[in-house]
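Structure file model-v7.cif (mmCIF, C-alpha atoms) is printed below.
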data_upload
#
loop_
_atom_site.label_atom_id
_atom_site.label_comp_id
_atom_site.auth_asym_id
_atom_site.auth_seq_id
_atom_site.Cartn_x
_atom_site.Cartn_y
_atom_site.Cartn_z
CA MET A 1140 -27.88 -22.45 6.44
CA ALA A 1141 -27.13 -18.75 5.90
CA GLN A 1142 -23.58 -17.52 6.35
CA THR A 1143 -22.82 -15.81 9.66
CA GLN A 1144 -19.82 -13.82 8.48
CA THR A 1145 -20.23 -10.28 7.20
CA PRO A 1146 -18.57 -9.38 3.89
CA ILE A 1147 -15.68 -7.00 4.47
CA THR A 1148 -15.59 -3.36 3.47
CA LEU A 1149 -12.92 -2.59 0.89
CA LYS A 1150 -9.47 -2.13 2.38
CA SER A 1151 -6.52 -0.74 0.42
CA ILE A 1152 -3.01 -0.68 1.89
CA GLU A 1153 0.32 0.61 0.63
CA ARG A 1154 3.62 -0.31 2.32
CA ASN A 1155 7.05 0.93 1.27
CA GLY A 1156 10.75 0.41 1.87
CA TRP A 1157 11.08 -3.38 1.74
CA THR A 1158 14.65 -4.63 1.38
CA ASN A 1159 13.93 -8.28 2.13
CA PHE A 1160 11.48 -10.45 0.22
CA ALA A 1161 10.73 -12.74 3.16
CA ARG A 1162 9.64 -9.80 5.27
CA MET A 1163 7.62 -8.32 2.44
CA ALA A 1164 5.91 -11.67 1.80
CA ASN A 1165 5.17 -11.96 5.51
CA SER A 1166 3.60 -8.50 5.50
CA ILE A 1167 1.45 -9.32 2.45
CA ILE A 1168 0.28 -12.52 4.16
CA ASN A 1169 -0.60 -10.53 7.27
CA ASP A 1170 -2.53 -7.95 5.28
CA LEU A 1171 -4.47 -10.55 3.31
CA CYS A 1172 -5.51 -12.31 6.51
CA ASN A 1173 -6.14 -9.23 8.60
CA ALA A 1174 -8.44 -7.14 6.46
CA GLY A 1175 -10.30 -5.93 9.55
CA THR A 1176 -8.62 -6.55 12.89
CA THR A 1177 -5.16 -7.82 13.81
CA ASN A 1178 -4.52 -11.56 13.64
CA ALA A 1179 -8.22 -12.42 13.42
CA ASN A 1180 -8.50 -14.00 9.96
CA SER A 1181 -10.76 -11.12 9.10
CA GLY A 1182 -9.90 -11.38 5.40
CA TYR A 1183 -8.56 -14.60 3.93
CA GLU A 1184 -8.20 -17.48 6.36
CA MET A 1185 -4.76 -18.91 7.10
CA ILE A 1186 -4.71 -22.69 6.60
CA PHE A 1187 -0.94 -23.17 6.91
CA PRO A 1188 0.81 -22.54 9.23
CA ALA A 1189 -1.62 -22.59 12.13
CA SER A 1190 -0.51 -19.12 13.22
CA PHE A 1191 2.06 -16.58 12.10
CA VAL A 1192 4.57 -14.14 13.50
CA ASP A 1193 4.32 -10.58 12.23
CA GLN A 1194 7.06 -8.90 10.23
CA GLU A 1195 8.99 -7.99 13.37
CA GLY A 1196 8.96 -11.57 14.67
CA ALA A 1197 11.98 -13.69 15.48
CA GLN A 1198 13.74 -15.27 12.52
CA GLY A 1199 13.18 -18.81 13.78
CA GLY A 1200 9.39 -18.45 13.71
CA PHE A 1201 9.14 -16.28 10.65
CA THR A 1202 6.23 -16.95 8.28
CA ALA A 1203 7.29 -16.39 4.69
CA LYS A 1204 5.19 -19.25 3.29
CA ALA A 1205 1.48 -19.56 3.87
CA VAL A 1206 -1.66 -21.13 2.46
CA LEU A 1207 -4.69 -18.84 2.59
CA GLN A 1208 -8.26 -19.82 1.76
CA SER A 1209 -11.15 -17.64 0.71
CA GLN A 1210 -14.01 -17.36 3.17
CA TYR A 1211 -17.37 -15.64 2.99
CA LYS A 1212 -15.89 -12.31 4.08
CA VAL A 1213 -13.91 -12.05 0.84
CA ASP A 1214 -15.90 -14.28 -1.52
CA PRO A 1215 -19.69 -14.76 -1.70
CA LEU A 1216 -19.46 -18.49 -2.50
CA SER A 1217 -16.97 -19.51 0.16
CA PRO A 1218 -17.62 -20.97 3.64
CA ASP A 1219 -17.52 -19.28 7.03
CA GLY A 1220 -13.94 -20.46 7.43
CA ALA A 1221 -12.43 -23.93 7.01
CA SER A 1222 -14.30 -25.24 10.06
CA ASP A 1223 -17.68 -24.53 8.43
CA VAL A 1224 -19.41 -27.92 8.08
CA ASP A 1225 -21.96 -26.69 5.54
CA THR A 1226 -21.36 -27.76 1.93
CA THR A 1227 -23.90 -25.44 0.31
CA ILE A 1228 -24.86 -21.79 0.52
CA PRO A 1229 -28.32 -20.24 -0.07
CA VAL A 1230 -28.58 -17.97 -3.11
CA GLY A 1231 -31.79 -16.46 -4.47
CA GLY A 1232 -34.17 -19.09 -3.13
CA THR A 1233 -31.93 -22.06 -3.99
CA THR A 1234 -28.65 -23.49 -2.75
CA VAL A 1235 -25.30 -23.85 -4.50
CA PRO A 1236 -22.10 -25.69 -3.49
CA MET A 1237 -19.38 -23.92 -1.53
CA GLN A 1238 -16.62 -22.93 -3.95
CA PRO A 1239 -13.51 -21.72 -2.08
CA TYR A 1240 -10.08 -21.15 -3.63
CA ARG A 1241 -6.61 -20.96 -2.13
CA ILE A 1242 -3.59 -18.68 -2.38
CA LEU A 1243 -0.06 -19.90 -1.67
CA ILE A 1244 2.60 -17.23 -1.10
CA ASP A 1245 6.11 -18.62 -0.80
CA ALA A 1246 9.31 -16.71 -0.02
CA SER A 1247 10.53 -19.42 2.34
CA GLY A 1248 13.90 -19.76 0.63
CA ILE A 1249 14.97 -16.42 2.07
CA SER A 1250 16.19 -15.64 5.58
CA PRO A 1251 14.57 -12.51 7.07
CA SER A 1252 18.10 -11.12 7.49
CA GLU A 1253 19.20 -11.59 3.86
CA THR A 1254 19.28 -8.57 1.57
CA ASP A 1255 20.95 -9.80 -1.58
CA HIS A 1256 18.67 -12.32 -3.29
CA GLY A 1257 15.35 -14.08 -3.22
CA GLU A 1258 12.00 -14.44 -4.90
CA ILE A 1259 8.31 -14.55 -4.15
CA ARG A 1260 6.28 -17.27 -5.84
CA MET A 1261 2.50 -17.19 -5.85
CA TYR A 1262 -0.07 -19.84 -6.71
CA ILE A 1263 -3.87 -19.54 -6.91
CA ALA A 1264 -5.85 -22.77 -7.24
CA THR A 1265 -8.39 -24.87 -5.33
CA PRO A 1266 -7.94 -26.95 -2.14
CA VAL A 1267 -7.53 -29.96 -4.45
CA GLN A 1268 -4.26 -28.59 -5.87
CA ILE A 1269 -2.91 -26.66 -2.84
CA ASP A 1270 -3.01 -28.90 0.22
CA ASP A 1271 -3.04 -27.98 3.92
CA LYS A 1272 0.79 -28.06 4.11
CA GLY A 1273 1.48 -25.85 1.10
CA VAL A 1274 2.27 -28.61 -1.39
CA VAL A 1275 1.12 -27.76 -4.92
CA SER A 1276 0.24 -30.37 -7.52
CA VAL A 1277 2.27 -30.59 -10.73
CA GLU A 1278 0.56 -30.85 -14.11
CA ALA A 1279 1.95 -31.94 -17.45
CA VAL A 1280 1.96 -29.47 -20.34
CA GLU A 1281 3.51 -31.02 -23.44
CA ASN A 1282 6.71 -32.67 -24.66
CA GLY A 1283 7.68 -33.79 -21.18
CA MET A 1284 7.33 -30.31 -19.65
CA SER A 1285 5.37 -29.50 -16.53
CA ARG A 1286 4.28 -26.66 -14.26
CA HIS A 1287 2.66 -26.23 -10.87
CA SER A 1288 -1.08 -25.72 -10.92
CA GLY A 1289 -2.11 -22.09 -10.68
CA GLU A 1290 1.42 -20.69 -10.57
CA LEU A 1291 1.79 -17.00 -11.43
CA SER A 1292 4.77 -17.38 -13.74
CA CYS A 1293 6.06 -17.30 -17.29
CA GLY A 1294 6.77 -20.60 -19.00
CA VAL A 1295 6.84 -24.19 -17.87
CA SER A 1296 9.20 -26.85 -16.46
CA GLY A 1297 9.94 -26.24 -12.82
CA THR A 1298 12.95 -24.07 -12.06
CA SER A 1299 12.97 -22.49 -15.53
CA LEU A 1300 9.78 -20.63 -14.66
CA VAL A 1301 10.13 -16.89 -14.16
CA PRO A 1302 8.45 -16.29 -10.77
CA PHE A 1303 5.98 -13.57 -9.85
CA VAL A 1304 8.83 -11.32 -8.70
CA SER A 1305 12.45 -12.02 -7.74
CA TYR A 1306 15.99 -10.76 -7.18
CA ASN A 1307 19.06 -12.06 -8.97
CA PHE A 1308 22.38 -10.99 -7.51
CA ALA A 1309 24.60 -13.74 -8.91
CA ASP A 1310 27.10 -11.24 -10.33
CA LYS A 1311 25.95 -8.13 -8.47
CA THR A 1312 24.80 -6.51 -11.70
CA ILE A 1313 21.45 -5.97 -13.36
CA THR A 1314 20.61 -9.38 -14.76
CA SER A 1315 17.68 -11.43 -15.96
CA SER A 1316 17.27 -15.17 -15.56
CA HIS A 1317 15.46 -15.32 -18.90
CA PRO A 1318 16.56 -13.10 -21.80
CA THR A 1319 13.07 -12.85 -23.30
CA VAL A 1320 11.51 -11.34 -20.19
CA PRO A 1321 12.43 -7.62 -19.93
CA ASP A 1322 14.16 -7.45 -16.55
CA ALA A 1323 11.32 -9.39 -14.96
CA VAL A 1324 13.83 -10.68 -12.42
CA LEU A 1325 14.43 -7.12 -11.23
CA GLY A 1326 18.08 -7.70 -10.34
CA MET A 1327 20.25 -4.85 -9.08
CA ALA A 1328 23.60 -4.27 -7.39
CA ASN A 1329 22.39 -3.80 -3.83
CA VAL A 1330 18.82 -4.15 -2.65
CA LYS A 1331 19.19 -1.49 0.04
CA SER A 1332 19.69 1.00 -2.77
CA HIS A 1333 16.56 -0.27 -4.51
CA PRO A 1334 13.82 -1.10 -1.99
CA PHE A 1335 10.44 -2.45 -3.02
CA SER A 1336 6.86 -1.39 -2.27
CA TYR A 1337 3.44 -2.92 -2.63
CA ARG A 1338 -0.22 -1.89 -2.70
CA LEU A 1339 -2.89 -4.41 -1.78
CA THR A 1340 -6.67 -4.04 -2.12
CA ILE A 1341 -8.99 -6.59 -0.49
CA THR A 1342 -12.73 -6.67 -1.11
CA ASN A 1343 -15.77 -8.88 -0.63
CA ARG A 1344 -15.14 -10.42 -4.06
CA GLY A 1345 -11.35 -10.86 -4.22
CA PHE A 1346 -8.05 -9.00 -4.08
CA ALA A 1347 -5.53 -7.07 -6.21
CA LEU A 1348 -1.80 -6.68 -5.51
CA VAL A 1349 0.92 -4.58 -7.15
CA ILE A 1350 4.64 -4.94 -6.25
CA TRP A 1351 7.25 -2.56 -7.64
CA LYS A 1352 10.87 -1.50 -7.37
CA GLU A 1353 11.00 2.06 -6.07
CA ALA A 1354 12.33 4.97 -8.15
CA SER A 1355 12.40 2.89 -11.34
CA ASP A 1356 9.16 4.04 -12.91
CA ASP A 1357 10.77 5.20 -16.16
CA TRP A 1358 11.61 1.63 -17.19
CA GLY A 1359 8.06 0.36 -17.58
CA ASN A 1360 8.94 -3.16 -16.43
CA ARG A 1361 10.00 -2.95 -12.78
CA PHE A 1362 6.68 -4.12 -11.36
CA SER A 1363 4.34 -7.09 -11.22
CA TRP A 1364 0.63 -7.27 -10.41
CA VAL A 1365 -2.17 -9.77 -9.87
CA VAL A 1366 -5.94 -9.59 -9.46
CA CYS A 1367 -8.19 -12.50 -8.49
CA GLN A 1368 -11.94 -12.01 -8.21
CA ARG A 1369 -15.43 -13.03 -9.20
CA LEU A 1370 -16.65 -10.76 -11.96
CA VAL A 1371 -19.26 -8.06 -11.37
CA ALA A 1372 -22.16 -7.01 -13.56
CA TYR A 1373 -21.15 -4.30 -16.03
CA ASP A 1374 -24.15 -2.11 -15.13
CA THR A 1375 -24.41 -2.45 -11.32
CA GLY A 1376 -20.94 -3.45 -10.10
CA THR A 1377 -22.40 -6.32 -8.09
CA ILE A 1378 -22.15 -10.09 -8.38
CA THR A 1379 -25.54 -11.16 -9.64
CA ASP A 1380 -27.51 -14.18 -8.43
CA THR A 1381 -27.35 -15.43 -12.02
CA MET A 1382 -23.56 -15.51 -11.77
CA LYS A 1383 -23.70 -17.15 -8.34
CA THR A 1384 -26.09 -19.88 -9.42
CA GLY A 1385 -24.38 -20.51 -12.76
CA ARG A 1386 -20.88 -21.89 -13.31
CA SER A 1387 -19.58 -19.09 -11.04
CA PRO A 1388 -16.03 -18.73 -12.39
CA VAL A 1389 -13.22 -17.12 -10.41
CA PHE A 1390 -10.81 -15.37 -12.77
CA CYS A 1391 -7.18 -14.42 -12.19
CA MET A 1392 -5.13 -12.01 -14.28
CA TYR A 1393 -1.49 -11.22 -13.60
CA SER A 1394 1.54 -9.51 -15.07
CA ILE A 1395 5.24 -10.24 -14.68
CA GLY A 1396 7.57 -7.37 -15.50
CA GLY A 1397 4.70 -4.97 -16.11
CA GLY A 1398 3.38 -6.38 -19.38
CA ASN A 1399 5.73 -4.49 -21.71
CA PRO A 1400 4.58 -5.45 -25.24
CA PHE A 1401 8.01 -5.15 -26.81
CA ASN A 1402 11.23 -7.09 -26.55
CA SER A 1403 13.92 -7.07 -23.87
CA SER A 1404 16.09 -4.50 -25.65
CA VAL A 1405 13.77 -1.63 -24.75
CA THR A 1406 15.23 0.80 -22.21
CA PRO A 1407 14.27 4.38 -21.31
CA GLN A 1408 17.38 5.52 -23.18
CA THR A 1409 16.63 3.74 -26.47
CA TRP A 1410 12.96 4.69 -26.25
CA ALA A 1411 13.82 8.36 -25.76
CA THR A 1412 16.04 8.40 -28.86
CA GLY A 1413 13.25 7.04 -31.01
CA LEU A 1414 14.91 3.65 -31.53
CA ARG A 1415 11.74 1.60 -31.23
CA PRO A 1416 11.90 -2.21 -31.35
CA ALA A 1417 11.73 -3.43 -34.93
CA VAL A 1418 10.01 -6.69 -34.03
CA PHE A 1419 7.32 -7.80 -31.67
CA ARG A 1420 5.80 -11.24 -31.52
CA THR A 1421 2.28 -12.49 -31.69
CA SER A 1422 0.91 -15.98 -31.60
CA ILE A 1423 -0.75 -18.03 -34.30
CA TYR A 1424 -1.70 -20.60 -31.70
CA GLY A 1425 -1.57 -24.18 -32.74
CA ALA A 1426 -3.05 -27.00 -30.71
CA ASN A 1427 -0.94 -25.93 -27.73
CA PRO A 1428 -0.89 -22.23 -26.81
CA TYR A 1429 2.70 -22.52 -25.58
CA PHE A 1430 4.00 -23.21 -29.10
CA ASP A 1431 3.74 -22.05 -32.72
CA ALA A 1432 4.46 -18.32 -32.80
CA VAL A 1433 5.39 -16.10 -35.70
CA ASP A 1434 7.54 -12.96 -35.84
CA ILE A 1435 5.80 -9.84 -37.16
CA ASP A 1436 7.57 -6.66 -38.27
CA ASN A 1437 6.22 -3.15 -37.71
CA ALA A 1438 4.37 -3.29 -41.04
CA GLY A 1439 2.54 -6.40 -39.95
CA ASN A 1440 4.44 -8.72 -42.27
CA SER A 1441 5.47 -12.21 -41.25
CA ILE A 1442 9.25 -12.51 -41.10
CA GLY A 1443 9.47 -16.16 -40.21
CA THR A 1444 8.33 -18.70 -37.70
CA SER A 1445 9.99 -18.57 -34.30
CA GLU A 1446 12.09 -21.36 -32.99
CA THR A 1447 10.28 -24.10 -31.08
CA GLY A 1448 9.90 -22.91 -27.52
CA ILE A 1449 7.74 -21.18 -24.98
CA ASN A 1450 6.81 -18.38 -27.32
CA LEU A 1451 4.14 -16.95 -25.06
CA MET A 1452 7.11 -15.51 -23.21
CA ARG A 1453 7.75 -13.31 -26.29
CA LEU A 1454 4.35 -11.65 -25.87
CA PRO A 1455 3.25 -8.92 -23.44
CA GLN A 1456 3.65 -10.47 -20.01
CA ILE A 1457 -0.02 -10.28 -19.00
CA TYR A 1458 -1.82 -13.57 -18.48
CA ARG A 1459 -5.21 -14.77 -17.34
CA PHE A 1460 -6.71 -18.07 -16.29
CA THR A 1461 -9.85 -19.47 -14.70
CA VAL A 1462 -9.08 -20.45 -11.10
CA ARG A 1463 -12.16 -22.62 -10.71
CA GLU A 1464 -15.83 -22.99 -11.58
CA ARG A 1465 -18.77 -24.49 -9.76
CA ASP A 1466 -18.14 -27.90 -11.31
CA VAL A 1467 -14.47 -27.53 -12.28
CA VAL A 1468 -12.06 -27.74 -9.34
CA ARG A 1469 -8.77 -27.05 -11.10
CA PRO A 1470 -7.26 -23.95 -12.70
CA THR A 1471 -6.80 -23.71 -16.44
CA PHE A 1472 -3.44 -23.05 -18.10
CA PRO A 1473 -2.63 -19.33 -18.25
CA VAL A 1474 -3.16 -17.73 -21.65
CA ASN A 1475 -2.08 -14.35 -22.87
CA ALA A 1476 -4.65 -11.73 -21.88
CA CYS A 1477 -3.69 -9.28 -24.63
CA ILE A 1478 -4.48 -11.13 -27.85
CA HIS A 1479 -7.35 -13.12 -29.25
CA SER A 1480 -6.50 -16.79 -29.70
CA LEU A 1481 -8.26 -20.10 -30.15
CA ASP A 1482 -11.12 -20.18 -27.61
CA ASN A 1483 -9.64 -17.27 -25.63
CA ASN A 1484 -10.57 -13.59 -25.83
CA ALA A 1485 -8.26 -10.64 -25.28
CA VAL A 1486 -9.38 -8.74 -22.16
CA VAL A 1487 -6.85 -5.90 -21.93
CA ASN A 1488 -4.90 -3.67 -24.35
CA PRO A 1489 -1.21 -3.33 -23.32
CA PHE A 1490 -0.16 -1.05 -26.19
CA GLN A 1491 -0.05 2.70 -26.65
CA GLN A 1492 -3.70 3.68 -27.05
CA VAL A 1493 -6.04 6.59 -27.79
CA ALA A 1494 -8.05 7.30 -24.66
CA THR A 1495 -9.59 10.78 -25.01
CA TYR A 1496 -12.97 11.92 -26.29
CA GLU A 1497 -13.55 15.01 -28.42
CA ASN A 1498 -14.74 16.88 -25.32
CA GLY A 1499 -11.41 16.32 -23.57
CA LYS A 1500 -12.57 13.65 -21.16
CA TYR A 1501 -10.54 10.47 -21.02
CA VAL A 1502 -11.52 6.82 -21.06
CA VAL A 1503 -10.90 4.35 -18.23
CA ASN A 1504 -11.33 0.73 -19.28
CA LEU A 1505 -12.27 -2.25 -17.17
CA PRO A 1506 -10.95 -5.69 -18.23
CA GLN A 1507 -13.84 -7.48 -19.91
CA ASN A 1508 -14.82 -10.14 -22.44
CA PHE A 1509 -13.64 -12.94 -20.17
CA ASN A 1510 -14.38 -16.53 -21.06
CA SER A 1511 -13.84 -19.93 -19.52
CA ASP A 1512 -13.21 -23.01 -21.63
CA ARG A 1513 -16.99 -23.28 -22.08
CA TYR A 1514 -18.69 -19.90 -21.74
CA VAL A 1515 -18.16 -16.19 -22.33
CA TYR A 1516 -19.26 -13.57 -19.77
CA LYS A 1517 -20.42 -9.98 -20.19
CA ASP A 1518 -19.44 -9.25 -16.57
CA VAL A 1519 -16.26 -7.27 -15.86
CA MET A 1520 -13.22 -7.25 -13.59
CA ASP A 1521 -13.31 -4.08 -11.48
CA LEU A 1522 -10.44 -4.35 -8.96
CA VAL A 1523 -8.08 -3.06 -11.65
CA ALA A 1524 -8.63 -0.71 -14.58
CA TYR A 1525 -6.40 0.77 -17.27
CA THR A 1526 -6.04 3.69 -19.63
CA ALA A 1527 -3.42 5.39 -21.82
CA ALA A 1528 -0.39 6.21 -19.70
CA ASP A 1529 -0.13 9.75 -21.05
CA VAL A 1530 -3.59 10.91 -19.95
CA VAL A 1531 -3.27 10.06 -16.22
CA PRO A 1532 -0.04 10.67 -14.24
CA GLN A 1533 1.25 8.00 -11.88
CA TRP A 1534 -0.08 8.15 -8.28
CA THR A 1535 -3.08 10.20 -9.37
CA GLU A 1536 -6.37 9.41 -7.65
CA VAL A 1537 -8.90 8.77 -10.40
CA LYS A 1538 -12.53 9.29 -9.36
CA LEU A 1539 -15.17 7.58 -11.46
CA ASP A 1540 -18.56 8.86 -10.35
CA ALA A 1541 -21.39 6.43 -11.01
CA ILE A 1542 -19.24 4.07 -13.05
CA PHE A 1543 -21.99 1.65 -12.10
CA THR A 1544 -25.54 2.59 -11.19
CA SER A 1545 -24.95 2.23 -7.46
CA LYS A 1546 -21.28 3.03 -6.81
CA ASN A 1547 -18.61 5.71 -6.99
CA TYR A 1548 -15.12 4.30 -7.51
CA LYS A 1549 -11.64 5.64 -6.81
CA TYR A 1550 -8.61 4.12 -8.47
CA MET A 1551 -4.93 4.82 -7.86
CA ALA A 1552 -3.00 5.23 -11.10
CA MET A 1553 0.04 2.99 -10.89
CA HIS A 1554 2.81 2.24 -13.37
CA ALA A 1555 3.05 2.52 -17.15
CA ASN A 1556 4.19 -0.57 -19.02
CA ILE A 1557 6.42 1.12 -21.63
CA PRO A 1558 9.48 3.28 -20.82
CA ASN A 1559 9.13 6.96 -20.00
CA ASN A 1560 5.53 6.72 -18.82
CA SER A 1561 4.01 5.63 -22.10
CA GLY A 1562 1.84 2.74 -23.23
CA MET A 1563 -0.84 1.46 -20.86
CA ARG A 1564 -1.19 2.53 -17.22
CA ILE A 1565 -2.67 0.06 -14.75
CA MET A 1566 -4.90 1.36 -11.93
CA ILE A 1567 -5.94 -0.37 -8.71
CA LEU A 1568 -9.25 0.16 -6.91
CA THR A 1569 -8.84 1.98 -3.58
CA ASP A 1570 -12.39 2.99 -2.65
CA GLU A 1571 -15.98 2.18 -3.52
CA SER A 1572 -19.00 3.86 -2.04
CA ALA A 1573 -22.70 4.04 -2.70
CA THR A 1574 -23.89 6.93 -4.83
#

Translate this file's structure into structure tokens.
Amino acid sequence: MAQTQTPITLKSIERNGWTNFARMANSIINDLCNAGTTNANSGYEMIFPASFVDQEGAQGGFTAKAVLQSQYKVDPLSPDGASDVDTTIPVGGTTVPMQPYRILIDASGISPSETDHGEIRMYIATPVQIDDKGVVSVEAVENGMSRHSGELSCGVSGTSLVPFVSYNFADKTITSSHPTVPDAVLGMANVKSHPFSYRLTITNRGFALVIWKEASDDWGNRFSWVVCQRLVAYDTGTITDTMKTGRSPVFCMYSIGGGNPFNSSVTPQTWATGLRPAVFRTSIYGANPYFDAVDIDNAGNSIGTSETGINLMRLPQIYRFTVRERDVVRPTFPVNACIHSLDNNAVVNPFQQVATYENGKYVVNLPQNFNSDRYVYKDVMDLVAYTAADVVPQWTEVKLDAIFTSKNYKYMAMHANIPNNSGMRIMILTDESAT
């Protein structure tokens, strides 16, 4: 039976001035669900709770934790809502199984009136791992450690995970809950002096979200972002029937603390004086990608094996994983998206980069070269793009005419990932139209 829903038209939203994470999470939940009309599940469908109160609602009924599920409006292989009794969907003269995924956003540990701490945790997995009440399955990693399936985080083992974005006001100073993550916790003395903003783009193939601390752009690590989508063909910008009838992977890529490729000692002040970090870390992946790293100096020489630990946290904080496939209903472990490793391709370059042609035009890159555990794909991720931070200023609208054969794209240039607007600049899609 053909789907009755109509795929949504791209919607991009920016909201500013958030001084409470519960209220910001509630607003993001609203925007993900209401891509068309208010409270109508016109984007992602709310599974839990049954209904929500908007960001001005009473504290007692406040929704800061929600389970959302993809439906046909936002994903071509998802059902017409959870009540859809069909198990297959017609594609190109055949039928394929429904393949929805779920998003859990959780800031429920924060009162809507609190302004001095909190965190937002996000999980993207399948209905098998995220149940109808917002409970997420736990999976073993190695050596007795564990993590929640599909969690957007750094590391493993429960509370030691660095969440998608959080405050830490334990001593009312700028702090970090993990010394190897450059201010990923985004602590500060008083949140009302440092409000947060977000930009969210929702499309018929997934979503992208950027959250940042306002007026802190010179640091290069006061923001986090995530994109989850089905890939599009590199030449047309559409999801092909071949992709839909194949293993049909959904890919997620995310960054905590901006994806700064250097260590936690980097500040705008030390960067400006030319005191660059002497060491960065890369992985020589062993059997487990969370272990076996080596320290490399600026000349590329090995200077010793790192201590046993979660050494992926020493790398640029940009990760990717496969949310699901047609016949695989669990997410893979996140791997670093910036380096080639065993059975995993790098898909993005987080370092300072050359991005201009001889004629003065500059290059905008789309994340590509994605692979699952079994297959590699020539299709690309198009809800985010990136380029050298010094060729496009922040908040610039970047127009890419005929980037594909049938579309004109507009991206908003967001933050740079190295202090003083250097390194890589991430961009988020804000408009797509037929040529």

May I have the protein, DNA and RNA residues with an atom at most 6 Å from (0.9, -0.4, -16.0), counting all atoms listed in the file in the file's coordinates, returned as a ChimeraX atom specification? /A:1397,1554-1556,1563-1565

Go ahead and dump the residues you just picked, C-alpha atoms, as a tab-separated table (two decimals), keeping the file's coordinate frame.
chain	number	residue	atom	x	y	z
A	1397	GLY	CA	4.70	-4.97	-16.11
A	1554	HIS	CA	2.81	2.24	-13.37
A	1555	ALA	CA	3.05	2.52	-17.15
A	1556	ASN	CA	4.19	-0.57	-19.02
A	1563	MET	CA	-0.84	1.46	-20.86
A	1564	ARG	CA	-1.19	2.53	-17.22
A	1565	ILE	CA	-2.67	0.06	-14.75

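With distances restricted to all atoms listed in the file, A:Ala1246 is the closest residue to A:Asn1159 from A:Val1493, A:Ala1246, A:Ala1279, A:Ile1557.
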
Under the rule that only C-alpha atoms are counted, which of A:Gly1289, A:Lys1383, A:Val1474, A:Val1371 is the nearest residue to A:Pro1506? A:Val1371

Can you give me, as a PDB file with C-alpha atoms, keeping the file's coordinate frame, the residues this file yields under the PyMOL selection byres ((chain A and resi 1287) around 7)?
ATOM      1  CA  VAL A1275       1.120 -27.760  -4.920  1.00  0.00           C
ATOM      2  CA  SER A1276       0.240 -30.370  -7.520  1.00  0.00           C
ATOM      3  CA  VAL A1277       2.270 -30.590 -10.730  1.00  0.00           C
ATOM      4  CA  GLU A1278       0.560 -30.850 -14.110  1.00  0.00           C
ATOM      5  CA  ARG A1286       4.280 -26.660 -14.260  1.00  0.00           C
ATOM      6  CA  SER A1288      -1.080 -25.720 -10.920  1.00  0.00           C
ATOM      7  CA  GLY A1289      -2.110 -22.090 -10.680  1.00  0.00           C
ATOM      8  CA  GLU A1290       1.420 -20.690 -10.570  1.00  0.00           C
TER       9      GLU A1290
END

Check which residues satisfy the PyMOL selection byres ((chain A and resi 1226) around 9) in the file shown, then give them as a ChimeraX atom specification. /A:1218,1223-1225,1227-1228,1235-1238

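The spacing separating atom CA of A:Ser1285 from atom CA of A:Asn1165 amounts to 28.2 Å.
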